[in-house]
>>> print(open('final.cif').read())   # mmCIF, C-alpha atoms
data_my_file
loop_
_atom_site.label_atom_id
_atom_site.label_comp_id
_atom_site.auth_asym_id
_atom_site.auth_seq_id
_atom_site.Cartn_x
_atom_site.Cartn_y
_atom_site.Cartn_z
CA MET A 1 -69.24 165.62 206.23
CA SER A 2 -65.93 167.49 206.08
CA LYS A 3 -63.03 166.80 208.42
CA PHE A 4 -63.62 170.23 209.92
CA ASP A 5 -67.23 169.45 210.78
CA LYS A 6 -66.29 166.09 212.27
CA ILE A 7 -63.70 167.68 214.55
CA LEU A 8 -64.95 171.12 215.56
CA PRO A 9 -68.30 172.50 216.70
CA HIS A 10 -70.02 175.46 215.05
CA LYS A 11 -68.07 178.71 215.53
CA ALA A 12 -65.45 176.89 217.61
CA ILE A 13 -63.06 178.72 219.90
CA ILE A 14 -59.63 177.03 219.90
CA GLY A 15 -57.48 177.82 222.94
CA MET A 16 -53.72 178.01 222.36
CA ILE A 17 -51.24 176.28 224.65
CA HIS A 18 -47.73 177.64 224.10
CA ILE A 19 -45.46 174.79 225.17
CA GLU A 20 -42.39 175.77 227.19
CA ALA A 21 -38.99 175.58 225.46
CA LEU A 22 -38.24 172.02 224.36
CA PRO A 23 -34.98 169.99 224.48
CA GLY A 24 -32.10 171.31 222.42
CA THR A 25 -33.51 174.82 222.06
CA PRO A 26 -31.69 177.82 223.58
CA LYS A 27 -34.29 178.45 226.31
CA PHE A 28 -34.73 174.81 227.39
CA ALA A 29 -34.47 174.51 231.19
CA ASP A 30 -34.06 170.70 231.50
CA ASN A 31 -37.56 170.46 232.98
CA ILE A 32 -39.46 167.93 230.88
CA PRO A 33 -41.89 166.77 233.62
CA GLU A 34 -42.78 170.40 234.35
CA ILE A 35 -43.31 171.12 230.64
CA ILE A 36 -45.81 168.29 230.37
CA LYS A 37 -47.51 169.16 233.66
CA LYS A 38 -48.01 172.81 232.70
CA ALA A 39 -49.44 171.97 229.28
CA VAL A 40 -51.96 169.54 230.76
CA PHE A 41 -52.84 172.06 233.48
CA GLU A 42 -53.58 174.73 230.88
CA ALA A 43 -55.67 172.27 228.86
CA ARG A 44 -57.78 171.60 231.94
CA ILE A 45 -58.22 175.32 232.59
CA TYR A 46 -59.49 175.80 229.06
CA GLN A 47 -61.86 172.84 229.25
CA GLU A 48 -63.24 173.84 232.65
CA ASN A 49 -64.00 177.32 231.35
CA GLY A 50 -65.84 176.30 228.21
CA ILE A 51 -63.23 176.35 225.42
CA ASP A 52 -64.31 174.19 222.46
CA ALA A 53 -60.93 172.86 221.29
CA LEU A 54 -57.20 173.14 221.97
CA MET A 55 -53.98 173.56 220.05
CA ILE A 56 -50.39 173.14 221.20
CA GLU A 57 -47.45 174.97 219.65
CA ASN A 58 -43.72 175.11 220.41
CA MET A 59 -43.76 178.90 220.53
CA HIS A 60 -40.94 179.17 223.08
CA ASP A 61 -38.43 177.33 220.84
CA VAL A 62 -36.93 180.51 219.43
CA PRO A 63 -35.13 180.82 217.12
CA TYR A 64 -37.17 178.36 215.06
CA GLN A 65 -35.69 175.80 212.71
CA LYS A 66 -37.10 175.83 209.20
CA ASN A 67 -39.22 172.89 208.02
CA ASP A 68 -37.44 170.17 210.01
CA VAL A 69 -37.04 169.65 213.74
CA GLY A 70 -35.34 166.86 215.63
CA HIS A 71 -37.01 163.87 217.23
CA GLU A 72 -36.37 165.50 220.60
CA ILE A 73 -39.02 168.07 219.61
CA SER A 74 -41.59 165.98 217.76
CA SER A 75 -41.52 163.10 220.27
CA LEU A 76 -42.14 165.36 223.25
CA MET A 77 -44.91 167.21 221.39
CA ALA A 78 -46.53 163.82 220.79
CA ILE A 79 -46.23 162.90 224.46
CA ILE A 80 -47.77 166.19 225.54
CA ALA A 81 -50.60 165.85 223.04
CA TYR A 82 -51.27 162.27 224.19
CA GLN A 83 -51.47 163.35 227.81
CA ILE A 84 -53.88 166.16 226.94
CA LYS A 85 -56.08 163.82 224.91
CA GLN A 86 -56.17 161.35 227.80
CA GLN A 87 -57.23 164.00 230.30
CA THR A 88 -59.64 166.13 228.27
CA ASP A 89 -62.39 165.34 225.79
CA LEU A 90 -61.62 168.28 223.49
CA ALA A 91 -60.43 168.24 219.90
CA LEU A 92 -56.70 168.94 219.76
CA GLY A 93 -54.42 170.41 217.14
CA ILE A 94 -50.64 170.61 216.82
CA GLN A 95 -48.36 173.14 215.18
CA ILE A 96 -44.59 172.71 215.15
CA LEU A 97 -42.61 175.77 214.19
CA ALA A 98 -41.43 176.65 211.73
CA GLY A 99 -43.19 174.86 208.90
CA ALA A 100 -42.38 171.45 210.41
CA ASN A 101 -45.62 170.06 209.09
CA LYS A 102 -44.61 166.43 208.69
CA ALA A 103 -43.34 166.40 212.26
CA ALA A 104 -46.64 167.87 213.45
CA LEU A 105 -48.60 165.30 211.46
CA SER A 106 -46.51 162.46 212.89
CA ALA A 107 -47.04 163.76 216.43
CA ALA A 108 -50.76 164.06 215.78
CA LYS A 109 -50.96 160.52 214.43
CA ASN A 110 -49.10 159.03 217.39
CA SER A 111 -50.96 161.00 220.05
CA GLY A 112 -54.51 160.81 218.77
CA ALA A 113 -54.69 164.54 218.00
CA ASP A 114 -57.28 165.72 215.52
CA PHE A 115 -55.69 168.37 213.30
CA ILE A 116 -52.52 170.27 212.52
CA ARG A 117 -51.85 173.87 211.55
CA ALA A 118 -49.56 173.96 208.53
CA GLU A 119 -47.42 176.79 207.22
CA GLY A 120 -46.20 176.79 203.65
CA PHE A 121 -49.00 174.75 202.10
CA VAL A 122 -49.29 176.58 198.79
CA PHE A 123 -47.00 179.12 197.11
CA GLY A 124 -44.03 180.28 199.18
CA HIS A 125 -43.12 183.12 201.50
CA LEU A 126 -40.09 184.68 203.13
CA ALA A 127 -40.39 184.19 206.88
CA ASP A 128 -37.97 185.27 209.58
CA GLU A 129 -36.59 181.70 209.44
CA GLY A 130 -35.89 182.03 205.71
CA TYR A 131 -37.74 180.98 202.58
CA ILE A 132 -40.54 178.48 203.24
CA ASP A 133 -41.78 176.70 200.13
CA SER A 134 -45.04 174.94 199.31
CA GLN A 135 -45.39 171.55 201.04
CA ALA A 136 -48.88 170.47 199.96
CA ALA A 137 -47.85 167.61 197.67
CA ASP A 138 -45.34 166.01 200.02
CA LEU A 139 -47.47 166.58 203.11
CA LEU A 140 -50.65 165.00 201.74
CA ARG A 141 -48.73 162.04 200.36
CA PHE A 142 -47.09 161.60 203.76
CA ARG A 143 -50.52 161.72 205.43
CA LYS A 144 -51.64 158.92 203.14
CA GLN A 145 -48.49 156.88 203.79
CA ILE A 146 -48.92 156.92 207.58
CA ASN A 147 -52.67 156.25 207.37
CA ALA A 148 -53.58 159.59 208.91
CA ASP A 149 -56.36 160.69 206.57
CA ASP A 150 -58.62 161.37 209.55
CA ILE A 151 -56.30 164.16 210.72
CA ALA A 152 -57.31 167.53 209.28
CA ILE A 153 -54.74 169.93 207.86
CA PHE A 154 -55.69 173.57 208.37
CA THR A 155 -53.45 175.83 206.34
CA ASP A 156 -52.22 179.39 206.72
CA ILE A 157 -52.45 181.66 203.70
CA LYS A 158 -50.55 184.96 203.64
CA LYS A 159 -48.77 183.78 206.78
CA LYS A 160 -48.04 186.29 209.54
CA HIS A 161 -44.43 187.29 210.35
CA SER A 162 -43.63 186.99 206.65
CA SER A 163 -42.94 188.89 203.47
CA HIS A 164 -45.09 188.01 200.47
CA ALA A 165 -43.27 190.12 197.89
CA LEU A 166 -42.87 187.19 195.50
CA THR A 167 -46.64 186.70 195.43
CA GLN A 168 -47.68 190.34 195.63
CA ASP A 169 -49.50 190.01 192.30
CA LEU A 170 -51.77 187.38 193.91
CA ASP A 171 -54.51 188.47 196.25
CA ILE A 172 -55.57 186.35 199.22
CA ALA A 173 -58.59 185.07 197.29
CA GLU A 174 -56.31 183.45 194.70
CA MET A 175 -54.25 181.88 197.47
CA ALA A 176 -57.43 180.53 199.03
CA HIS A 177 -58.53 179.08 195.72
CA ALA A 178 -55.14 177.38 195.27
CA ALA A 179 -55.20 175.89 198.78
CA ASP A 180 -58.71 174.58 198.14
CA PHE A 181 -57.58 173.04 194.84
CA PHE A 182 -54.61 171.43 196.63
CA LEU A 183 -56.98 169.77 199.12
CA SER A 184 -56.57 171.82 202.29
CA ASP A 185 -59.15 171.04 204.99
CA GLY A 186 -59.49 174.63 206.17
CA LEU A 187 -57.95 178.06 205.63
CA ILE A 188 -56.40 180.24 208.33
CA VAL A 189 -56.39 184.02 207.95
CA THR A 190 -54.21 186.08 210.30
CA GLY A 191 -52.96 189.58 210.95
CA MET A 192 -49.38 190.60 210.32
CA HIS A 193 -47.99 189.21 213.59
CA THR A 194 -49.00 187.27 216.70
CA GLY A 195 -51.91 188.98 218.40
CA SER A 196 -52.72 191.37 215.54
CA THR A 197 -56.20 191.39 214.02
CA ALA A 198 -57.04 189.82 210.69
CA ASP A 199 -58.44 192.05 207.96
CA THR A 200 -62.21 191.51 207.80
CA ASN A 201 -62.21 192.22 204.05
CA GLU A 202 -59.64 189.48 203.52
CA ILE A 203 -61.77 187.03 205.49
CA LEU A 204 -64.74 187.82 203.26
CA GLN A 205 -62.60 187.43 200.13
CA VAL A 206 -61.44 184.01 201.30
CA LYS A 207 -65.00 182.93 202.08
CA ASP A 208 -66.10 183.99 198.60
CA ALA A 209 -63.16 182.28 196.88
CA SER A 210 -63.38 178.88 198.54
CA ARG A 211 -65.85 176.32 199.83
CA LEU A 212 -63.51 175.53 202.73
CA PRO A 213 -64.03 176.49 206.37
CA VAL A 214 -62.20 179.65 207.39
CA LEU A 215 -60.40 180.05 210.71
CA VAL A 216 -59.19 183.36 212.12
CA GLY A 217 -55.70 182.76 213.46
CA SER A 218 -54.79 185.90 215.40
CA GLY A 219 -56.08 189.03 217.08
CA ILE A 220 -59.39 187.81 218.49
CA ASN A 221 -60.39 189.36 221.82
CA ILE A 222 -63.45 190.12 223.91
CA ASP A 223 -63.93 193.51 222.24
CA ASN A 224 -64.01 192.28 218.63
CA ILE A 225 -65.43 188.75 218.79
CA GLU A 226 -68.93 190.03 218.07
CA THR A 227 -67.64 191.50 214.80
CA TYR A 228 -65.64 188.44 213.75
CA LEU A 229 -67.98 185.65 214.85
CA PRO A 230 -70.34 185.90 211.84
CA LEU A 231 -67.43 186.07 209.39
CA ALA A 232 -65.57 182.80 210.03
CA ASP A 233 -66.06 179.22 211.15
CA ALA A 234 -63.52 178.94 213.99
CA PHE A 235 -61.19 181.18 215.96
CA ILE A 236 -57.73 180.45 217.37
CA VAL A 237 -57.21 182.52 220.51
CA GLY A 238 -53.91 182.67 222.37
CA SER A 239 -52.48 186.04 223.33
CA TYR A 240 -55.76 187.49 224.57
CA PHE A 241 -56.24 184.67 227.10
CA LYS A 242 -52.86 185.35 228.70
CA GLN A 243 -52.13 187.78 231.52
CA ASN A 244 -51.63 191.30 230.11
CA GLY A 245 -52.46 189.92 226.66
CA TYR A 246 -48.92 188.62 226.10
CA TRP A 247 -48.55 185.13 224.64
CA ALA A 248 -45.69 184.01 226.95
CA ASN A 249 -47.58 184.75 230.18
CA ASN A 250 -49.81 182.41 232.16
CA ILE A 251 -53.49 182.01 231.33
CA ASP A 252 -55.86 184.53 232.89
CA ILE A 253 -58.79 182.34 233.93
CA ASP A 254 -61.21 185.25 234.30
CA LYS A 255 -60.52 186.37 230.74
CA VAL A 256 -61.24 182.90 229.38
CA ARG A 257 -64.46 182.60 231.40
CA ASP A 258 -65.77 186.05 230.48
CA PHE A 259 -64.87 185.60 226.82
CA MET A 260 -66.70 182.29 226.55
CA LYS A 261 -69.80 183.71 228.25
CA ILE A 262 -70.02 186.33 225.52
CA VAL A 263 -69.34 183.79 222.78
CA ASN A 264 -72.01 181.42 224.04
CA ASN A 265 -74.54 184.24 224.18
CA LEU A 266 -73.67 185.26 220.63
CA ARG A 267 -73.83 181.69 219.33
#
>>> encode(input="final.cif", output="structure tokens")
Amino acid sequence: MSKFDKILPHKAIIGMIHIEALPGTPKFADNIPEIIKKAVFEARIYQENGIDALMIENMHDVPYQKNDVGHEISSLMAIIAYQIKQQTDLALGIQILAGANKAALSAAKNSGADFIRAEGFVFGHLADEGYIDSQAADLLRFRKQINADDIAIFTDIKKKHSSHALTQDLDIAEMAHAADFFLSDGLIVTGMHTGSTADTNEILQVKDASRLPVLVGSGINIDNIETYLPLADAFIVGSYFKQNGYWANNIDIDKVRDFMKIVNNLR
């Protein structure tokens, strides 16, 4: 059984928790207890309304550092993840922006989280933080070194918010094949930016090119889930669940509940 199948149910919906700005970042408000409390509160909302799994991300830490973040970030992400795992029974993932994959893996190991979302796994791309290179070799060796082989690494290909000019001669199917060869545990396909829909043709190309599970990483909403549900294995939903569909707003409980009713009927 794959790591994906051990962690996530069939056609899983993964609810995003966008952690408030963390210590040292420009928008940090010196409110660590409130940061933790809000994240756990949102996790409970998701669980109570039928979400299958959760993921936390330091989305408010703009502008993002590239590849490395300080211990003030990774340690608090680990604490938040630990608290969520103690108070829910859902699978939990961690992403630390931007491309701070070792930090995310460390936080996952120390908190009992189940997976990470990794940018820059194969090839390279020009993001708004600068050039992010392939990390697969170092990341998988680090996972082995810290005895974290049970933690899945789901990897973005053709990452959103990025230019892929250097790899424009490679289609997404070739990138999927490379990530599979480099031992990814699952492939994430997104639109061009947060909240934008993924190309259905690209999803099908990735499915054809790889044996790995495919996750849709952006743009899922109540109006298109029926179209996307047969195409992929899991769906990361963030912006749609927020008030007015904006990622930085509070969760709209009615939207979560109504969305999951439709998903459960379709499944």
>>> residues_near_point(input="final.cif", point="(-45.2, 173.7, 225.1)", cutoff="9 Å", atoms="all atoms listed in the file", output="ChimeraX atom specification")
/A:17-22,35-36,38-39,56-61,77,80
>>> closest_residue(input="final.cif", among="A:Asp128, A:Asp52, A:Glu42, A:Asp208", to="A:Gln87", atoms="all atoms listed in the file")
A:Glu42
>>> resolve_selection(input="final.cif", expression="the PyMOL selection byres ((chain A and resi 183) around 10)", output="mmCIF file with C-alpha atoms, keeping the file's coordinate frame")
data_model
loop_
_atom_site.group_PDB
_atom_site.id
_atom_site.type_symbol
_atom_site.label_atom_id
_atom_site.label_comp_id
_atom_site.auth_asym_id
_atom_site.auth_seq_id
_atom_site.Cartn_x
_atom_site.Cartn_y
_atom_site.Cartn_z
ATOM 1 C CA PHE A 121 -49.000 174.750 202.100
ATOM 2 C CA ALA A 136 -48.880 170.470 199.960
ATOM 3 C CA ALA A 137 -47.850 167.610 197.670
ATOM 4 C CA LEU A 140 -50.650 165.000 201.740
ATOM 5 C CA ILE A 153 -54.740 169.930 207.860
ATOM 6 C CA ALA A 178 -55.140 177.380 195.270
ATOM 7 C CA ALA A 179 -55.200 175.890 198.780
ATOM 8 C CA ASP A 180 -58.710 174.580 198.140
ATOM 9 C CA PHE A 181 -57.580 173.040 194.840
ATOM 10 C CA PHE A 182 -54.610 171.430 196.630
ATOM 11 C CA SER A 184 -56.570 171.820 202.290
ATOM 12 C CA ASP A 185 -59.150 171.040 204.990
ATOM 13 C CA GLY A 186 -59.490 174.630 206.170
ATOM 14 C CA LEU A 212 -63.510 175.530 202.730
#
>>> atom_distance(input="final.cif", atom1="atom CA of A:Arg143", atom2="atom CA of A:Gly191")
28.5 Å
>>> residues_near_point(input="final.cif", point="(-64.5, 191.9, 204.4)", cutoff="12 Å", atoms="all atoms listed in the file", output="list of chain:residue names")
A:Ile172, A:Ala173, A:Val189, A:Ala198, A:Asp199, A:Thr200, A:Asn201, A:Glu202, A:Ile203, A:Leu204, A:Gln205, A:Val206, A:Lys207, A:Asp208, A:Thr227, A:Tyr228, A:Pro230, A:Leu231, A:Ala232
>>> resolve_selection(input="final.cif", expression="the PyMOL selection byres ((chain A and resi 116) around 12)", output="ChimeraX atom specification")
/A:3-4,7,54-57,81,91-97,99-109,112-115,117-119,121,139,143,148-156,184-188
>>> closest_residue(input="final.cif", among="A:Leu8, A:Tyr46, A:Val122, A:Asn110", to="A:Val237", atoms="only C-alpha atoms")
A:Tyr46
>>> atom_distance(input="final.cif", atom1="atom CA of A:Ile251", atom2="atom CA of A:Asp223")
18.0 Å
>>> closest_residue(input="final.cif", among="A:Pro33, A:Gly120, A:Gly24, A:Gly15", to="A:Pro63", atoms="all atoms listed in the file")
A:Gly24
>>> resolve_selection(input="final.cif", expression="the PyMOL selection byres ((chain A and resi 255-259) around 6)", output="tab-separated table (two decimals) with C-alpha atoms, keeping the file's coordinate frame")
chain	number	residue	atom	x	y	z
A	49	ASN	CA	-64.00	177.32	231.35
A	222	ILE	CA	-63.45	190.12	223.91
A	241	PHE	CA	-56.24	184.67	227.10
A	252	ASP	CA	-55.86	184.53	232.89
A	253	ILE	CA	-58.79	182.34	233.93
A	254	ASP	CA	-61.21	185.25	234.30
A	260	MET	CA	-66.70	182.29	226.55
A	261	LYS	CA	-69.80	183.71	228.25
A	262	ILE	CA	-70.02	186.33	225.52
>>> residues_around(input="final.cif", residues="A:Ile84", least_positions_apart="5", cutoff="9 Å", atoms="only C-alpha atoms", output="ChimeraX atom specification")
/A:39-41,43-44,79,89-90,92
>>> residues_around(input="final.cif", residues="A:Val263", least_positions_apart="6", cutoff="9 Å", atoms="only C-alpha atoms", output="PyMOL selection string")
chain A and resi 11+13+222+225-226+229
>>> atom_distance(input="final.cif", atom1="atom CA of A:Ala127", atom2="atom CA of A:Thr190")
14.4 Å
>>> residues_around(input="final.cif", residues="A:Ser196", least_positions_apart="4", cutoff="12 Å", atoms="all atoms listed in the file", output="list in words")
Lys160, His161, Val189, Thr190, Gly191, Met192, Val216, Gly217, Ser218, Gly219, Ile220, Asn221, Asn224, Val237, Gly238, Ser239, Tyr240, Gly245, Tyr246 and Trp247 of chain A
>>> decode(input="final.cif", residues="stretch 23-101 of chain A", atoms="C-alpha atoms", output="short mmCIF file (atom, residue, chain, number, x, y, z; two decimals), in the first residue's frame")
data_model
loop_
_atom_site.label_atom_id
_atom_site.label_comp_id
_atom_site.auth_asym_id
_atom_site.auth_seq_id
_atom_site.Cartn_x
_atom_site.Cartn_y
_atom_site.Cartn_z
CA PRO A 23 7.43 35.49 14.54
CA GLY A 24 9.96 37.60 12.68
CA THR A 25 7.75 38.20 9.64
CA PRO A 26 6.55 41.71 8.76
CA LYS A 27 2.90 41.07 9.68
CA PHE A 28 3.55 39.27 12.98
CA ALA A 29 1.40 40.75 15.76
CA ASP A 30 3.14 39.22 18.82
CA ASN A 31 0.13 36.97 19.40
CA ILE A 32 1.44 33.41 19.55
CA PRO A 33 -1.31 31.98 21.81
CA GLU A 34 -3.95 33.44 19.49
CA ILE A 35 -2.20 32.00 16.42
CA ILE A 36 -2.31 28.52 17.90
CA LYS A 37 -5.88 28.90 19.16
CA LYS A 38 -7.19 30.04 15.77
CA ALA A 39 -5.49 27.22 13.89
CA VAL A 40 -6.93 24.58 16.23
CA PHE A 41 -10.36 26.24 16.04
CA GLU A 42 -10.32 26.06 12.25
CA ALA A 43 -9.21 22.43 12.37
CA ARG A 44 -12.20 21.62 14.55
CA ILE A 45 -14.56 23.45 12.18
CA TYR A 46 -13.28 21.39 9.29
CA GLN A 47 -13.55 18.11 11.18
CA GLU A 48 -17.05 18.85 12.48
CA ASN A 49 -18.23 19.57 8.95
CA GLY A 50 -16.88 16.44 7.31
CA ILE A 51 -13.48 17.42 5.86
CA ASP A 52 -11.27 14.35 5.30
CA ALA A 53 -7.83 15.82 6.05
CA LEU A 54 -6.09 19.09 6.91
CA MET A 55 -3.05 21.05 5.87
CA ILE A 56 -1.38 24.03 7.52
CA GLU A 57 0.62 26.65 5.65
CA ASN A 58 2.37 29.87 6.66
CA MET A 59 0.58 31.85 3.97
CA HIS A 60 0.55 35.12 5.92
CA ASP A 61 4.37 35.24 6.20
CA VAL A 62 4.80 37.51 3.19
CA PRO A 63 7.27 38.17 1.72
CA TYR A 64 8.43 34.57 1.82
CA GLN A 65 12.01 33.48 2.38
CA LYS A 66 13.39 31.09 -0.20
CA ASN A 67 14.16 27.49 0.82
CA ASP A 68 15.19 28.22 4.42
CA VAL A 69 13.25 29.67 7.34
CA GLY A 70 14.34 30.24 10.91
CA HIS A 71 13.60 28.03 13.88
CA GLU A 72 11.09 30.64 15.03
CA ILE A 73 8.95 29.55 12.06
CA SER A 74 9.48 25.79 11.93
CA SER A 75 9.19 25.31 15.71
CA LEU A 76 5.87 27.13 15.93
CA MET A 77 4.54 25.25 12.89
CA ALA A 78 5.44 22.03 14.70
CA ILE A 79 3.66 23.18 17.86
CA ILE A 80 0.53 24.10 15.91
CA ALA A 81 0.55 20.80 14.04
CA TYR A 82 1.00 18.88 17.31
CA GLN A 83 -1.96 20.65 18.88
CA ILE A 84 -4.13 19.91 15.86
CA LYS A 85 -3.14 16.25 15.86
CA GLN A 86 -3.96 16.01 19.56
CA GLN A 87 -7.41 17.50 19.10
CA THR A 88 -8.55 15.98 15.80
CA ASP A 89 -8.29 12.53 14.29
CA LEU A 90 -7.63 13.76 10.74
CA ALA A 91 -4.56 13.30 8.60
CA LEU A 92 -2.48 16.47 8.61
CA GLY A 93 -0.03 17.99 6.17
CA ILE A 94 2.43 20.88 6.43
CA GLN A 95 3.77 23.32 3.87
CA ILE A 96 6.31 25.98 4.79
CA LEU A 97 6.78 28.71 2.24
CA ALA A 98 8.71 29.14 0.16
CA GLY A 99 10.26 25.80 -0.69
CA ALA A 100 11.31 25.23 2.94
CA ASN A 101 10.78 21.52 2.54
#
